[in-house]
Every structure is written in C-alpha cells, then in structure tokens.
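> work31.cif (mmCIF, C-alpha atoms; chains and numbers go by the auth columns) pasted underneath:
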```
data_input
#
loop_
_atom_site.group_PDB
_atom_site.id
_atom_site.type_symbol
_atom_site.label_atom_id
_atom_site.label_comp_id
_atom_site.label_asym_id
_atom_site.label_seq_id
_atom_site.Cartn_x
_atom_site.Cartn_y
_atom_site.Cartn_z
_atom_site.B_iso_or_equiv
_atom_site.auth_seq_id
_atom_site.auth_asym_id
ATOM 1 C CA MET A 1 29.677 -44.869 -1.776 0.00 1 A
ATOM 2 C CA GLN A 2 30.645 -41.188 -1.820 0.00 2 A
ATOM 3 C CA VAL A 3 29.945 -40.984 -5.554 0.00 3 A
ATOM 4 C CA LYS A 4 26.506 -42.508 -5.061 0.00 4 A
ATOM 5 C CA THR A 5 25.814 -40.128 -2.188 0.00 5 A
ATOM 6 C CA ARG A 6 26.830 -37.143 -4.279 0.00 6 A
ATOM 7 C CA LYS A 7 24.680 -38.308 -7.180 0.00 7 A
ATOM 8 C CA SER A 8 21.690 -38.842 -4.912 0.00 8 A
ATOM 9 C CA LYS A 9 22.145 -35.404 -3.361 0.00 9 A
ATOM 10 C CA THR A 10 22.480 -33.825 -6.804 0.00 10 A
ATOM 11 C CA SER A 11 19.344 -35.519 -8.105 0.00 11 A
ATOM 12 C CA GLU A 12 17.470 -34.615 -4.926 0.00 12 A
ATOM 13 C CA PHE A 13 18.535 -30.965 -5.262 0.00 13 A
ATOM 14 C CA ARG A 14 17.460 -30.926 -8.918 0.00 14 A
ATOM 15 C CA ILE A 15 14.045 -32.381 -8.090 0.00 15 A
ATOM 16 C CA MET A 16 13.520 -29.942 -5.232 0.00 16 A
ATOM 17 C CA SER A 17 14.544 -26.989 -7.414 0.00 17 A
ATOM 18 C CA GLU A 18 12.043 -27.995 -10.093 0.00 18 A
ATOM 19 C CA LEU A 19 9.283 -28.434 -7.544 0.00 19 A
ATOM 20 C CA LEU A 20 9.989 -25.124 -5.831 0.00 20 A
ATOM 21 C CA ASN A 21 9.969 -23.262 -9.149 0.00 21 A
ATOM 22 C CA VAL A 22 6.674 -24.861 -10.143 0.00 22 A
ATOM 23 C CA LEU A 23 5.138 -24.088 -6.753 0.00 23 A
ATOM 24 C CA LEU A 24 6.193 -20.442 -7.034 0.00 24 A
ATOM 25 C CA ILE A 25 4.689 -20.201 -10.523 0.00 25 A
ATOM 26 C CA THR A 26 1.440 -21.861 -9.481 0.00 26 A
ATOM 27 C CA ALA A 27 1.145 -19.629 -6.414 0.00 27 A
ATOM 28 C CA PHE A 28 1.717 -16.540 -8.563 0.00 28 A
ATOM 29 C CA ILE A 29 -0.944 -17.583 -11.075 0.00 29 A
ATOM 30 C CA ALA A 30 -3.482 -18.424 -8.363 0.00 30 A
ATOM 31 C CA TYR A 31 -3.178 -15.077 -6.585 0.00 31 A
ATOM 32 C CA PHE A 32 -2.972 -13.229 -9.897 0.00 32 A
ATOM 33 C CA ASN A 33 -6.284 -14.766 -10.951 0.00 33 A
ATOM 34 C CA GLN A 34 -7.893 -14.115 -7.587 0.00 34 A
ATOM 35 C CA THR A 35 -7.062 -10.410 -7.485 0.00 35 A
ATOM 36 C CA ALA A 36 -7.878 -9.958 -11.176 0.00 36 A
ATOM 37 C CA LEU A 37 -11.291 -11.540 -10.644 0.00 37 A
ATOM 38 C CA GLU A 38 -11.998 -9.378 -7.602 0.00 38 A
ATOM 39 C CA THR A 39 -11.078 -6.269 -9.587 0.00 39 A
ATOM 40 C CA THR A 40 -13.270 -7.172 -12.551 0.00 40 A
ATOM 41 C CA LEU A 41 -16.316 -8.483 -10.712 0.00 41 A
ATOM 42 C CA THR A 42 -17.841 -5.171 -9.628 0.00 42 A
ATOM 43 C CA PRO A 43 -17.625 -3.201 -12.905 0.00 43 A
ATOM 44 C CA PHE A 44 -18.489 -6.237 -15.042 0.00 44 A
ATOM 45 C CA THR A 45 -21.643 -7.140 -13.124 0.00 45 A
ATOM 46 C CA ASN A 46 -22.633 -3.480 -13.009 0.00 46 A
ATOM 47 C CA ILE A 47 -22.452 -3.188 -16.790 0.00 47 A
ATOM 48 C CA GLN A 48 -23.603 -6.689 -17.705 0.00 48 A
ATOM 49 C CA PHE A 49 -26.405 -7.292 -15.210 0.00 49 A
ATOM 50 C CA GLY A 50 -27.047 -3.836 -13.795 0.00 50 A
ATOM 51 C CA TRP A 51 -26.018 -4.900 -10.304 0.00 51 A
ATOM 52 C CA LYS A 52 -25.668 -2.319 -7.562 0.00 52 A
ATOM 53 C CA GLU A 53 -23.834 -2.346 -4.248 0.00 53 A
ATOM 54 C CA VAL A 54 -26.340 -4.659 -2.559 0.00 54 A
ATOM 55 C CA GLN A 55 -26.122 -7.476 -5.119 0.00 55 A
ATOM 56 C CA ILE A 56 -22.339 -7.273 -5.291 0.00 56 A
ATOM 57 C CA SER A 57 -22.067 -7.282 -1.493 0.00 57 A
ATOM 58 C CA ILE A 58 -24.236 -10.401 -1.354 0.00 58 A
ATOM 59 C CA VAL A 59 -21.955 -12.156 -3.855 0.00 59 A
ATOM 60 C CA PHE A 60 -18.852 -11.271 -1.846 0.00 60 A
ATOM 61 C CA ALA A 61 -20.553 -12.403 1.372 0.00 61 A
ATOM 62 C CA ILE A 62 -21.495 -15.760 -0.162 0.00 62 A
ATOM 63 C CA ALA A 63 -17.969 -16.054 -1.541 0.00 63 A
ATOM 64 C CA GLY A 64 -16.569 -15.525 1.947 0.00 64 A
ATOM 65 C CA ILE A 65 -18.829 -18.241 3.331 0.00 65 A
ATOM 66 C CA GLU A 66 -17.798 -20.614 0.543 0.00 66 A
ATOM 67 C CA ILE A 67 -14.106 -19.985 1.153 0.00 67 A
ATOM 68 C CA THR A 68 -14.567 -20.604 4.881 0.00 68 A
ATOM 69 C CA LEU A 69 -16.338 -23.896 4.197 0.00 69 A
ATOM 70 C CA VAL A 70 -13.584 -24.957 1.796 0.00 70 A
ATOM 71 C CA TYR A 71 -10.943 -24.285 4.447 0.00 71 A
ATOM 72 C CA ILE A 72 -12.912 -26.333 6.963 0.00 72 A
ATOM 73 C CA ILE A 73 -13.208 -29.200 4.485 0.00 73 A
ATOM 74 C CA LEU A 74 -9.485 -28.961 3.746 0.00 74 A
ATOM 75 C CA HIS A 75 -8.734 -29.449 7.430 0.00 75 A
ATOM 76 C CA PHE A 76 -10.131 -32.977 7.205 0.00 76 A
ATOM 77 C CA VAL A 77 -9.282 -33.795 3.587 0.00 77 A
ATOM 78 C CA THR A 78 -5.558 -33.055 3.922 0.00 78 A
ATOM 79 C CA LYS A 79 -5.290 -35.821 6.514 0.00 79 A
ATOM 80 C CA LYS A 80 -6.319 -38.441 3.955 0.00 80 A
ATOM 81 C CA ILE A 81 -5.298 -37.000 0.580 0.00 81 A
ATOM 82 C CA ARG A 82 -1.838 -35.829 -0.417 0.00 82 A
ATOM 83 C CA ASP A 83 -1.282 -32.112 -0.918 0.00 83 A
ATOM 84 C CA GLU A 84 -0.117 -32.487 -4.514 0.00 84 A
ATOM 85 C CA ALA A 85 -3.346 -34.303 -5.409 0.00 85 A
ATOM 86 C CA ILE A 86 -5.392 -31.472 -3.908 0.00 86 A
ATOM 87 C CA LEU A 87 -3.257 -28.936 -5.786 0.00 87 A
ATOM 88 C CA LEU A 88 -3.874 -30.682 -9.095 0.00 88 A
ATOM 89 C CA PHE A 89 -7.586 -30.983 -8.357 0.00 89 A
ATOM 90 C CA GLY A 90 -7.740 -27.281 -7.527 0.00 90 A
ATOM 91 C CA TYR A 91 -6.157 -26.321 -10.825 0.00 91 A
ATOM 92 C CA ILE A 92 -8.479 -28.631 -12.737 0.00 92 A
ATOM 93 C CA ILE A 93 -11.447 -26.884 -11.094 0.00 93 A
ATOM 94 C CA LEU A 94 -9.928 -23.498 -11.904 0.00 94 A
ATOM 95 C CA SER A 95 -9.375 -24.552 -15.524 0.00 95 A
ATOM 96 C CA ILE A 96 -13.006 -25.617 -15.849 0.00 96 A
ATOM 97 C CA ALA A 97 -14.152 -22.302 -14.370 0.00 97 A
ATOM 98 C CA CYS A 98 -12.042 -20.235 -16.772 0.00 98 A
ATOM 99 C CA CYS A 99 -13.141 -22.418 -19.685 0.00 99 A
ATOM 100 C CA ILE A 100 -16.778 -21.675 -18.845 0.00 100 A
ATOM 101 C CA GLY A 101 -16.018 -17.958 -18.827 0.00 101 A
ATOM 102 C CA VAL A 102 -14.223 -18.088 -22.170 0.00 102 A
ATOM 103 C CA ILE A 103 -17.031 -20.044 -23.853 0.00 103 A
ATOM 104 C CA VAL A 104 -20.038 -18.202 -22.424 0.00 104 A
ATOM 105 C CA LEU A 105 -18.816 -14.604 -22.249 0.00 105 A
ATOM 106 C CA PRO A 106 -18.878 -13.879 -26.021 0.00 106 A
ATOM 107 C CA PHE A 107 -22.569 -14.856 -26.190 0.00 107 A
ATOM 108 C CA SER A 108 -23.611 -12.741 -23.223 0.00 108 A
ATOM 109 C CA GLU A 109 -25.402 -9.534 -24.179 0.00 109 A
ATOM 110 C CA VAL A 110 -25.327 -6.394 -22.071 0.00 110 A
ATOM 111 C CA GLY A 111 -28.416 -6.172 -19.876 0.00 111 A
ATOM 112 C CA SER A 112 -29.406 -9.793 -20.470 0.00 112 A
ATOM 113 C CA ARG A 113 -29.540 -12.196 -17.533 0.00 113 A
ATOM 114 C CA LYS A 114 -29.781 -15.307 -19.663 0.00 114 A
ATOM 115 C CA TYR A 115 -26.306 -16.493 -18.717 0.00 115 A
ATOM 116 C CA LEU A 116 -26.406 -15.279 -15.118 0.00 116 A
ATOM 117 C CA PRO A 117 -26.567 -18.844 -13.662 0.00 117 A
ATOM 118 C CA VAL A 118 -23.557 -19.836 -15.776 0.00 118 A
ATOM 119 C CA PHE A 119 -21.695 -16.744 -14.607 0.00 119 A
ATOM 120 C CA LEU A 120 -22.451 -17.599 -10.983 0.00 120 A
ATOM 121 C CA LEU A 121 -21.218 -21.143 -11.642 0.00 121 A
ATOM 122 C CA PHE A 122 -17.986 -19.686 -12.999 0.00 122 A
ATOM 123 C CA ILE A 123 -17.564 -17.550 -9.884 0.00 123 A
ATOM 124 C CA GLY A 124 -18.416 -20.459 -7.579 0.00 124 A
ATOM 125 C CA LEU A 125 -15.929 -22.846 -9.178 0.00 125 A
ATOM 126 C CA ASP A 126 -13.224 -20.205 -9.233 0.00 126 A
ATOM 127 C CA ILE A 127 -13.705 -19.424 -5.554 0.00 127 A
ATOM 128 C CA PHE A 128 -13.802 -23.139 -4.730 0.00 128 A
ATOM 129 C CA GLY A 129 -10.513 -23.863 -6.478 0.00 129 A
ATOM 130 C CA LEU A 130 -8.471 -20.928 -5.202 0.00 130 A
ATOM 131 C CA PRO A 131 -8.292 -21.980 -1.503 0.00 131 A
ATOM 132 C CA LEU A 132 -7.223 -25.473 -2.544 0.00 132 A
ATOM 133 C CA ILE A 133 -4.307 -24.005 -4.460 0.00 133 A
ATOM 134 C CA ALA A 134 -3.415 -21.372 -1.872 0.00 134 A
ATOM 135 C CA VAL A 135 -3.180 -23.867 0.989 0.00 135 A
ATOM 136 C CA THR A 136 -1.377 -26.660 -0.839 0.00 136 A
ATOM 137 C CA THR A 137 1.208 -24.450 -2.556 0.00 137 A
ATOM 138 C CA THR A 138 2.242 -23.029 0.810 0.00 138 A
ATOM 139 C CA SER A 139 2.267 -26.448 2.452 0.00 139 A
ATOM 140 C CA LEU A 140 4.220 -28.122 -0.342 0.00 140 A
ATOM 141 C CA PHE A 141 6.682 -25.250 -0.572 0.00 141 A
ATOM 142 C CA THR A 142 7.420 -25.597 3.138 0.00 142 A
ATOM 143 C CA GLN A 143 7.837 -29.360 2.802 0.00 143 A
ATOM 144 C CA GLN A 144 10.226 -29.070 -0.144 0.00 144 A
ATOM 145 C CA THR A 145 12.416 -26.403 1.478 0.00 145 A
ATOM 146 C CA HIS A 146 15.309 -27.390 3.738 0.00 146 A
ATOM 147 C CA ASN A 147 14.965 -26.490 7.401 0.00 147 A
ATOM 148 C CA ASP A 148 17.911 -24.095 7.308 0.00 148 A
ATOM 149 C CA GLN A 149 16.389 -22.278 4.319 0.00 149 A
ATOM 150 C CA GLN A 150 12.825 -21.900 5.571 0.00 150 A
ATOM 151 C CA GLY A 151 13.238 -18.190 6.281 0.00 151 A
ATOM 152 C CA ILE A 152 14.508 -17.159 2.876 0.00 152 A
ATOM 153 C CA GLY A 153 12.157 -19.629 1.193 0.00 153 A
ATOM 154 C CA GLN A 154 9.087 -18.184 2.867 0.00 154 A
ATOM 155 C CA GLY A 155 10.335 -14.687 2.064 0.00 155 A
ATOM 156 C CA ILE A 156 10.681 -15.511 -1.628 0.00 156 A
ATOM 157 C CA GLN A 157 7.251 -17.123 -1.748 0.00 157 A
ATOM 158 C CA ARG A 158 5.638 -14.175 0.018 0.00 158 A
ATOM 159 C CA PHE A 159 7.387 -11.779 -2.365 0.00 159 A
ATOM 160 C CA VAL A 160 6.038 -13.681 -5.385 0.00 160 A
ATOM 161 C CA ILE A 161 2.521 -13.681 -3.931 0.00 161 A
ATOM 162 C CA ASN A 162 2.667 -9.955 -3.177 0.00 162 A
ATOM 163 C CA VAL A 163 3.838 -9.207 -6.712 0.00 163 A
ATOM 164 C CA ALA A 164 0.910 -11.240 -8.051 0.00 164 A
ATOM 165 C CA THR A 165 -1.573 -9.313 -5.901 0.00 165 A
ATOM 166 C CA VAL A 166 -0.213 -6.053 -7.330 0.00 166 A
ATOM 167 C CA ILE A 167 0.001 -7.074 -10.989 0.00 167 A
ATOM 168 C CA GLY A 168 -3.389 -8.836 -11.000 0.00 168 A
ATOM 169 C CA PRO A 169 -5.538 -5.739 -10.361 0.00 169 A
ATOM 170 C CA LEU A 170 -3.389 -3.615 -12.680 0.00 170 A
ATOM 171 C CA PHE A 171 -3.815 -6.147 -15.465 0.00 171 A
ATOM 172 C CA ALA A 172 -7.555 -6.546 -14.912 0.00 172 A
ATOM 173 C CA GLY A 173 -8.099 -2.807 -14.596 0.00 173 A
ATOM 174 C CA SER A 174 -6.480 -2.177 -17.960 0.00 174 A
ATOM 175 C CA LEU A 175 -8.806 -4.691 -19.650 0.00 175 A
ATOM 176 C CA LEU A 176 -12.163 -3.771 -18.141 0.00 176 A
ATOM 177 C CA THR A 177 -13.462 -2.982 -21.622 0.00 177 A
ATOM 178 C CA ALA A 178 -12.087 -6.264 -22.992 0.00 178 A
ATOM 179 C CA THR A 179 -13.230 -8.772 -20.387 0.00 179 A
ATOM 180 C CA TRP A 180 -13.189 -11.735 -22.757 0.00 180 A
ATOM 181 C CA LEU A 181 -9.535 -11.071 -23.572 0.00 181 A
ATOM 182 C CA MET A 182 -8.719 -10.968 -19.870 0.00 182 A
ATOM 183 C CA ILE A 183 -10.574 -14.218 -19.143 0.00 183 A
ATOM 184 C CA SER A 184 -8.878 -15.876 -22.120 0.00 184 A
ATOM 185 C CA PHE A 185 -5.461 -14.899 -20.809 0.00 185 A
ATOM 186 C CA MET A 186 -6.380 -16.211 -17.362 0.00 186 A
ATOM 187 C CA PHE A 187 -7.519 -19.468 -18.955 0.00 187 A
ATOM 188 C CA ILE A 188 -4.209 -19.852 -20.802 0.00 188 A
ATOM 189 C CA ILE A 189 -2.019 -19.306 -17.753 0.00 189 A
ATOM 190 C CA VAL A 190 -4.209 -21.598 -15.640 0.00 190 A
ATOM 191 C CA LEU A 191 -3.845 -24.340 -18.252 0.00 191 A
ATOM 192 C CA PHE A 192 -0.103 -23.713 -18.236 0.00 192 A
ATOM 193 C CA ALA A 193 0.012 -24.086 -14.449 0.00 193 A
ATOM 194 C CA THR A 194 -2.098 -27.248 -14.619 0.00 194 A
ATOM 195 C CA LEU A 195 0.298 -28.725 -17.170 0.00 195 A
ATOM 196 C CA LEU A 196 3.278 -27.879 -14.959 0.00 196 A
ATOM 197 C CA VAL A 197 1.687 -29.603 -11.969 0.00 197 A
ATOM 198 C CA ILE A 198 0.953 -32.690 -14.071 0.00 198 A
ATOM 199 C CA LEU A 199 4.542 -32.818 -15.361 0.00 199 A
ATOM 200 C CA VAL A 200 6.163 -32.594 -11.918 0.00 200 A
ATOM 201 C CA TYR A 201 3.523 -34.652 -10.120 0.00 201 A
ATOM 202 C CA PRO A 202 5.667 -37.847 -10.010 0.00 202 A
ATOM 203 C CA SER A 203 8.549 -35.830 -8.560 0.00 203 A
ATOM 204 C CA PHE A 204 6.573 -35.148 -5.402 0.00 204 A
ATOM 205 C CA SER A 205 6.579 -38.863 -4.590 0.00 205 A
ATOM 206 C CA LEU A 206 10.302 -39.136 -5.345 0.00 206 A
ATOM 207 C CA SER A 207 11.030 -36.178 -3.109 0.00 207 A
ATOM 208 C CA ASN A 208 8.953 -37.635 -0.285 0.00 208 A
ATOM 209 C CA ASN A 209 10.746 -40.980 -0.603 0.00 209 A
ATOM 210 C CA ASP A 210 14.146 -39.275 -0.456 0.00 210 A
ATOM 211 C CA GLU A 211 13.073 -37.337 2.603 0.00 211 A
ATOM 212 C CA LEU A 212 11.887 -40.492 4.352 0.00 212 A
ATOM 213 C CA SER A 213 15.101 -42.313 3.496 0.00 213 A
ATOM 214 C CA THR A 214 17.157 -39.551 5.096 0.00 214 A
ATOM 215 C CA LEU A 215 15.055 -39.695 8.237 0.00 215 A
ATOM 216 C CA LEU A 216 15.440 -43.458 8.620 0.00 216 A
ATOM 217 C CA PRO A 217 18.598 -44.786 10.263 0.00 217 A
ATOM 218 C CA GLN A 218 21.179 -46.270 7.915 0.00 218 A
ATOM 219 C CA GLU A 219 20.751 -49.728 9.443 0.00 219 A
ATOM 220 C CA ASN A 220 17.055 -49.674 8.632 0.00 220 A
ATOM 221 C CA ASN A 221 17.865 -48.580 5.094 0.00 221 A
ATOM 222 C CA LYS A 222 20.249 -51.512 4.714 0.00 222 A
ATOM 223 C CA GLN A 223 17.644 -53.925 6.033 0.00 223 A
ATOM 224 C CA CYS A 224 15.058 -52.524 3.649 0.00 224 A
ATOM 225 C CA LYS A 225 17.467 -52.925 0.731 0.00 225 A
ATOM 226 C CA GLU A 226 18.273 -56.511 1.759 0.00 226 A
ATOM 227 C CA LYS A 227 14.569 -57.344 1.988 0.00 227 A
ATOM 228 C CA SER A 228 13.898 -55.774 -1.377 0.00 228 A
ATOM 229 C CA SER A 229 16.774 -57.736 -2.943 0.00 229 A
ATOM 230 C CA ILE A 230 15.396 -60.974 -1.495 0.00 230 A
#
```
Please express what this file holds, its structure, as structure tokens.

Amino acid sequence: MQVKTRKSKTSEFRIMSELLNVLLITAFIAYFNQTALETTLTPFTNIQFGWKEVQISIVFAIAGIEITLVYIILHFVTKKIRDEAILLFGYIILSIACCIGVIVLPFSEVGSRKYLPVFLLFIGLDIFGLPLIAVTTTSLFTQQTHNDQQGIGQGIQRFVINVATVIGPLFAGSLLTATWLMISFMFIIVLFATLLVILVYPSFSLSNNDELSTLLPQENNKQCKEKSSI
C-alpha cells in the first residue's frame, strides 16, 4: 500500500509540475503578445493608415469595451465550461489572429486602406483571446498549486508575467521597421503555446481526478473501487 501511495504521489507531482510549467509558459506568451501589440499598434497605424491620436484612442476605447464584455461573459461561461477548454479556445483564437496578420501584412501597402477591415479583425480576435488566456492561466495555476505553496506559486507566476510585460515592448520596439517579422515570431510562439496546451490537456483531467480522490474519505474510495470492480 505504501509503495502504491508513493507511486501515486510521484505521478501526481510529475503531472502537476508539467502543468505548472506549461501554464507559466502560456502566461508569459500571452502577456508578451499583449504588450508587444500595444507597443506596435500606434506607430504601425500611423505609418500604414495615417492614423492620428483620435483614431488610435477610439481603437483603444473599443478594445477596452471588448475586454470588459469578454470578462463579463467569462463570469458565466466558467460555470459551465472547464478552464482548460477555455484556455485552449483562447489560444486557438490567438493563433487565428496572428495567422491573419502574417498572411495579410506582406500585401498591405503604406497609405492603402484596402486591408484595414482585415487588420481590425486581427486586432479584435487578438483582444478577444487574451482575456480568456489571462483568466484561465491564473485560475488553473492556483488550482494546480498546493495550498501550502500558494504564496510562492503566485509570486513566481507574477514574476513571469512582469518579465513578459517588460520584454514584450522591448522586443516590439526593436522591430518597428520589421513588423512582419515581429508578427511572424508572435505567430510561432503562439502556435508553440497552443501545442503545449493540447499535449497536456488530458493531464488536467487526471490532476482533477487525483484531487477529488484525496478529498473523498478513504471509505468512499473503497466503495467506489468495489462498485467499479463489480
């Protein structure tokens, strides 16, 4: 019995470590993309579409409204849909947004507004996906961290997020003259994060089952095992 308990604890620790690492990586990529996009938006639209302060302010205002609506929707959706499913959906949306930017940007000419609707679609999808990722990564990270390690866990996650918010603008600022290269890099790391979430997706269910089994009394566990054997 002790050997089985040790094996179960070891496997549980391994699963939780993998999940926590993936959640830290996905959180870093999400905030990196967000701050990089915010840094690039103003100079890019100024050069590409000739936008001034008014147009850019309107875009940021609409973005704020969209983010608020997404958070309100999340309040109800999270009660019916698992966090990991929302996280995966958010990264799929973000991948589609970056893919649109990579495909359309090379054909966009300076001063032309031909691809302005597509650009706005890219911005809208990107803004829609980021809150989904931001909320679920924090929620899942808290769920996968032991109660006695919540403090250090939250500190590590906040440190990773803060590093992303510093590196993102620095990276985007250095590539203002090579926007397509920046968007391509963002697309690659978003695809990488999406692949990571897909690979560890079954582990979320295993981790939740292990957590439930530890919360149930041992007698109930025995009864459940007897019923399953019958």
> From the set A:Arg113, A:Lys52, A:Thr78, A:Gln144, which residue has the shortest atom-to-atom contact distance to Ser17 (chain A), counting only C-alpha atoms?
A:Gln144
> Taking a cut-off of 8 Å and counting only C-alpha atoms, can you build a table that, for each residue of region 120-221 of chain A near region 25-44 of chain A, reports the nearest atom pair and how far apart they are in Å (one decimal), sorted by chain then residue number, as JSON lines?

```
{"residue": "A:Leu130", "atom": "CA", "partner": "A:Ala30", "partner_atom": "CA", "distance": 6.4}
{"residue": "A:Ile133", "atom": "CA", "partner": "A:Ala30", "partner_atom": "CA", "distance": 6.9}
{"residue": "A:Ala134", "atom": "CA", "partner": "A:Ala27", "partner_atom": "CA", "distance": 6.7}
{"residue": "A:Thr137", "atom": "CA", "partner": "A:Ala27", "partner_atom": "CA", "distance": 6.2}
{"residue": "A:Val160", "atom": "CA", "partner": "A:Phe28", "partner_atom": "CA", "distance": 6.1}
{"residue": "A:Ile161", "atom": "CA", "partner": "A:Phe28", "partner_atom": "CA", "distance": 5.5}
{"residue": "A:Val163", "atom": "CA", "partner": "A:Phe28", "partner_atom": "CA", "distance": 7.9}
{"residue": "A:Ala164", "atom": "CA", "partner": "A:Phe32", "partner_atom": "CA", "distance": 4.7}
{"residue": "A:Thr165", "atom": "CA", "partner": "A:Phe32", "partner_atom": "CA", "distance": 5.8}
{"residue": "A:Ile167", "atom": "CA", "partner": "A:Phe32", "partner_atom": "CA", "distance": 6.9}
{"residue": "A:Gly168", "atom": "CA", "partner": "A:Phe32", "partner_atom": "CA", "distance": 4.5}
{"residue": "A:Pro169", "atom": "CA", "partner": "A:Ala36", "partner_atom": "CA", "distance": 4.9}
{"residue": "A:Leu170", "atom": "CA", "partner": "A:Ala36", "partner_atom": "CA", "distance": 7.9}
{"residue": "A:Phe171", "atom": "CA", "partner": "A:Ala36", "partner_atom": "CA", "distance": 7.0}
{"residue": "A:Ala172", "atom": "CA", "partner": "A:Ala36", "partner_atom": "CA", "distance": 5.1}
{"residue": "A:Gly173", "atom": "CA", "partner": "A:Thr39", "partner_atom": "CA", "distance": 6.8}
{"residue": "A:Leu176", "atom": "CA", "partner": "A:Thr40", "partner_atom": "CA", "distance": 6.6}
{"residue": "A:Thr179", "atom": "CA", "partner": "A:Phe44", "partner_atom": "CA", "distance": 7.9}
{"residue": "A:Met186", "atom": "CA", "partner": "A:Asn33", "partner_atom": "CA", "distance": 6.6}
{"residue": "A:Ile189", "atom": "CA", "partner": "A:Ile29", "partner_atom": "CA", "distance": 7.0}
{"residue": "A:Val190", "atom": "CA", "partner": "A:Ile29", "partner_atom": "CA", "distance": 6.9}
{"residue": "A:Ala193", "atom": "CA", "partner": "A:Thr26", "partner_atom": "CA", "distance": 5.6}
```
> Grab the CA of Ile65 (chain A) to CA of Gly124 (chain A) distance for me, in Å with one decimal place.
11.1 Å
> Tell me, in Å to one decimal, how far CA of Tyr115 (chain A) is from CA of Phe192 (chain A).
27.2 Å
> Restricting the calculation to only C-alpha atoms, which member of A:Asp148, A:Glu66, A:Glu18, A:Glu53 is positioned closest to Ile123 (chain A)?
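Closest candidate: A:Glu66.
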